[in-house]
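> Please read through the structure below; I'll follow up with questions.
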Amino acid sequence: PEPPEGGWGWVVMLAAMWCNGAVFGIQNSCGVLFVSMLRLFGSSDDKQLVFKTAWVSSLSMGMVFFCSPIASIFTDLFGCRKVAVFGAAVGLVGLLSSSFVSTIEPLYFTYGIVFACGCSFAYQPSLVILGHYFKKRLGLVNGIVTAGSSLFTVSLPFLLRVLIDSVDLFNTLRVLCILMFVLFLAGFTYRPLVPNTKDKEGGKKGKFKLPPAKKICNFSVFKVLSYRIWALGIPAALFGYFVPYVHLMNHVKERFDDSVPEEVLLLCLGITSGIGRLIFGRVADYIPGAKKIYLQVASFFFIGLMSMMIPLCNVFGALVAVCLFMGLFDGCFICIMAPIAFGLIGAEDVSQAIGFLLGLMSVPMTVGPPIAGLLRDKLGRYDVAFYLAGVPPLIGGAILCFIPWVHERQKLKERAKPVDGETTERMLENESTFVSDTTEKPAKELDSGF
């Protein structure tokens, strides 16, 4: 059916905005929770404390992306509402369970896996349901929804700091469960307008029958060379991407003690990330096709450069400036993911193309922060960790530079195929005409002879 462009769709938009804010607001505020975990579970005898603690937040963010391909398949099979409600319920259970642990190890499972998997299953349907209700206004609605992440990222660090100082870490996690409960209720607003695969295959009265495996997992997107390069370059760039979000708060505390409000840095990241999404999303509309990739190349270049500049900042104001620039280009990288996928793959296969890419992104985003923590434990400082965190974005950006050239060559080959086909067809027509002429001539000669 034609999207209604409003009506109940505005309620769905607000629910999706809350989902985006709750999921990534908590994930992006992990630096505040990280410092609290170090104080709560740390001891002077543990020489790998930072490394072990970093795995909690790193696993959580990584699992959100790792489960994206699975969540997209379940969304296609069972619909947005069921998957979103189920995901929010699992996330609520995981977060609540995290508030009853006594050591750091159980958090790997409760917070790093259960909570994150629930967030992934709640988040993926919010990307799909908007297309059911909006078409002409989809760009505007997506901008408002993604702004929810920046809004929560700006406000949550200060709220978490107040809560942790007042009621400790465990009660703070229980307060955050309120966000997940509201997300659970928000999932019920995803009233489907398009039938899911279960309804299509089984009908209203029939039994549900799984569709063919090729429809469930569409690996044909990897046949596109430009997509394969994109799926290699983006993960390569993200080995150092999540390091500042996890370790920046602790780095500031070690460098400046308690004399500065380190939460301001997350505030700067959140504000400029929202601004970057609005600005570069609009700029991308004026850049044709695969050339939008150059915006991501620029964003990775500046993200890598800013990461390397963090250890050089001996004044807190300089760190604020670095975070402002980093947030701006972080927003650039995020907001043009979908337009690039549409340009490389096309609308038909874009859902699973994005899902596969997010799944591949999970590995570097999970591994990067613990490696940075291990370097901090071994060297006693974060300097080398931040220098090395800036290298992968530069390498990934260099890989992405080849995509527009490859994509243009692919388009030229596709244009050449119909031409070759027409030429072959004309040759066959000429050949058939020639054969018919040669067979008719002897017949006429025979007729005239008799």
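Order determines the names: the first chain of the structure tokens is A, the second B, and so forth; residues in each chain are numbered 1 upward, and ligands are numbered 1 upward as they are shown.
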Give me the residues near Ser273 in chain A as a ChimeraX atom specification, where near means some atom within 7 Å (using only C-alpha atoms) and where sequence neighbours in that chain fewer than 6 positions away do not count.
/A:150,327-328,330-331
> Could you pull the residues within 8 Å of Leu267 in chain A, counting only C-alpha atoms, minus those fewer than 5 positions along the same chain, as JSON, numbers by chain?
{"A": [153, 154, 155, 157]}
> Just list as a count of residues only whatever in range 84-303 of chain A DSSP marks as helix (DSSP H, G or I).
175
> CA of Ala321 in chain A to CA of Ser307 in chain A: how many Å, to one decimal?
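Between CA of Ala321 in chain A and CA of Ser307 in chain A the gap works out to 12.0 Å.
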> Ranking A:Met308, A:Gly289, A:Gly317, A:Ile73 by minimum distance to Pro404 in chain A and counting only C-alpha atoms, which one comes first?
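Residue with the minimum atom-to-atom distance to Pro404 in chain A: A:Gly289.
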> Give me the residues near Leu225 in chain A as a VMD selection string, where near means some atom within 12 Å (using only C-alpha atoms) and where sequence neighbours in that chain fewer than 4 positions away do not count.
chain A and resid 220 to 221 229 to 232 344 to 345 402 to 411
> Hey, which of A:Leu160, A:Val11, A:Leu96, A:Ala22 ends up closest to Cys119 in chain A? Count only C-alpha atoms.
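Smallest distance to Cys119 in chain A is found for A:Ala22.
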> Pick out the residues sitting within 10 Å of Leu185 in chain A, and hand them over as a ChimeraX atom specification; count only C-alpha atoms, and ignore anything fewer than 2 positions along from it in its own chain.
/A:15,84-85,88-89,180-183,187-189
> Need the shell around Ala54 in chain A: protein/DNA/RNA residues with any atom at most 9 Å away, counting only C-alpha atoms. Skip same-chain ones fewer than 2 positions apart. Format as a ChimeraX atom specification?
/A:34,49-52,56-59,246-247,369-373
> How would the residues just chosen look if you wrote them out with N, CA, C and O atoms as a compact mmCIF listing (two decimals), in the first residue's frame?

```
# COMPACT_ATOMS: atom_id res chain seq x y z
N PHE A 34 32.25 3.01 32.40
CA PHE A 34 33.57 2.37 32.41
C PHE A 34 34.39 2.85 33.61
O PHE A 34 35.00 2.04 34.33
N LEU A 49 43.45 -4.68 34.61
CA LEU A 49 42.11 -4.22 34.96
C LEU A 49 41.44 -3.46 33.81
O LEU A 49 40.28 -3.73 33.48
N VAL A 50 42.16 -2.53 33.20
CA VAL A 50 41.58 -1.73 32.12
C VAL A 50 41.22 -2.62 30.93
O VAL A 50 40.17 -2.46 30.31
N PHE A 51 42.08 -3.56 30.61
CA PHE A 51 41.84 -4.49 29.50
C PHE A 51 40.57 -5.31 29.75
O PHE A 51 39.71 -5.42 28.88
N LYS A 52 40.43 -5.86 30.95
CA LYS A 52 39.27 -6.71 31.25
C LYS A 52 37.98 -5.89 31.32
O LYS A 52 36.93 -6.35 30.87
N VAL A 56 33.62 -5.16 28.51
CA VAL A 56 32.18 -5.05 28.80
C VAL A 56 31.51 -4.14 27.77
O VAL A 56 30.57 -4.53 27.06
N SER A 57 32.00 -2.90 27.67
CA SER A 57 31.42 -1.95 26.73
C SER A 57 31.69 -2.34 25.29
O SER A 57 30.84 -2.14 24.41
N SER A 58 32.88 -2.88 25.04
CA SER A 58 33.24 -3.26 23.69
C SER A 58 32.38 -4.40 23.16
O SER A 58 31.90 -4.37 22.02
N LEU A 59 32.17 -5.40 23.99
CA LEU A 59 31.28 -6.50 23.60
C LEU A 59 29.87 -6.01 23.33
O LEU A 59 29.21 -6.44 22.38
N VAL A 246 35.14 4.70 24.68
CA VAL A 246 35.34 3.86 25.87
C VAL A 246 36.39 4.46 26.81
O VAL A 246 36.19 4.53 28.02
N HIS A 247 37.52 4.92 26.27
CA HIS A 247 38.68 5.25 27.11
C HIS A 247 38.90 6.74 27.33
O HIS A 247 39.76 7.10 28.15
N PRO A 369 38.75 -1.49 21.48
CA PRO A 369 38.89 -0.97 22.84
C PRO A 369 39.66 -1.88 23.80
O PRO A 369 40.47 -1.38 24.59
N PRO A 370 39.46 -3.21 23.80
CA PRO A 370 40.29 -4.04 24.69
C PRO A 370 41.78 -3.97 24.36
O PRO A 370 42.62 -4.01 25.27
N ILE A 371 42.14 -3.89 23.07
CA ILE A 371 43.54 -3.75 22.72
C ILE A 371 44.10 -2.44 23.26
O ILE A 371 45.22 -2.38 23.79
N ALA A 372 43.30 -1.37 23.15
CA ALA A 372 43.72 -0.08 23.72
C ALA A 372 43.89 -0.18 25.24
O ALA A 372 44.82 0.38 25.82
N GLY A 373 42.98 -0.92 25.89
CA GLY A 373 43.10 -1.12 27.34
C GLY A 373 44.33 -1.93 27.70
O GLY A 373 45.00 -1.66 28.71
```
> Just the residues within 6 Å of Gly118 in chain A, please, counting only C-alpha atoms, with nothing from its chain fewer than 4 positions along; format it as a PDB file with N, CA and C atoms, in the first residue's frame.

```pdb
ATOM      1  N   GLY A  87      12.879  -7.869  21.306  1.00  0.00           N
ATOM      2  CA  GLY A  87      14.212  -7.331  21.542  1.00  0.00           C
ATOM      3  C   GLY A  87      14.274  -6.439  22.761  1.00  0.00           C
ATOM      4  N   ALA A  88      13.283  -5.555  22.923  1.00  0.00           N
ATOM      5  CA  ALA A  88      13.268  -4.670  24.086  1.00  0.00           C
ATOM      6  C   ALA A  88      13.130  -5.463  25.381  1.00  0.00           C
ATOM      7  N   VAL A  90      14.188  -8.575  25.928  1.00  0.00           N
ATOM      8  CA  VAL A  90      15.482  -9.219  26.190  1.00  0.00           C
ATOM      9  C   VAL A  90      16.484  -8.201  26.707  1.00  0.00           C
ATOM     10  N   GLY A  91      16.507  -7.007  26.102  1.00  0.00           N
ATOM     11  CA  GLY A  91      17.409  -5.961  26.580  1.00  0.00           C
ATOM     12  C   GLY A  91      17.124  -5.548  28.005  1.00  0.00           C
TER      13      GLY A  91
END
```
> If you measure from CA of Met17 in chain A to CA of Thr146 in chain A, what distance in Å do you get, rounded to one decimal?
6.7 Å
> By how many Å are CA of Leu130 in chain A and CA of Ala284 in chain A apart?
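Straight-line distance from CA of Leu130 in chain A to CA of Ala284 in chain A works out to 20.5 Å.
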> Between A:Leu248, A:Leu324, A:Met306, A:Ile234, which one has atoms that come closest to Arg381 in chain A, using only C-alpha atoms?
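Smallest separation from Arg381 in chain A among the options: A:Leu248.
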> Using only C-alpha atoms, can you tell me which of A:Leu163, A:Cys30, A:Ala338, A:Leu38 comes closest to Ser60 in chain A?
A:Cys30
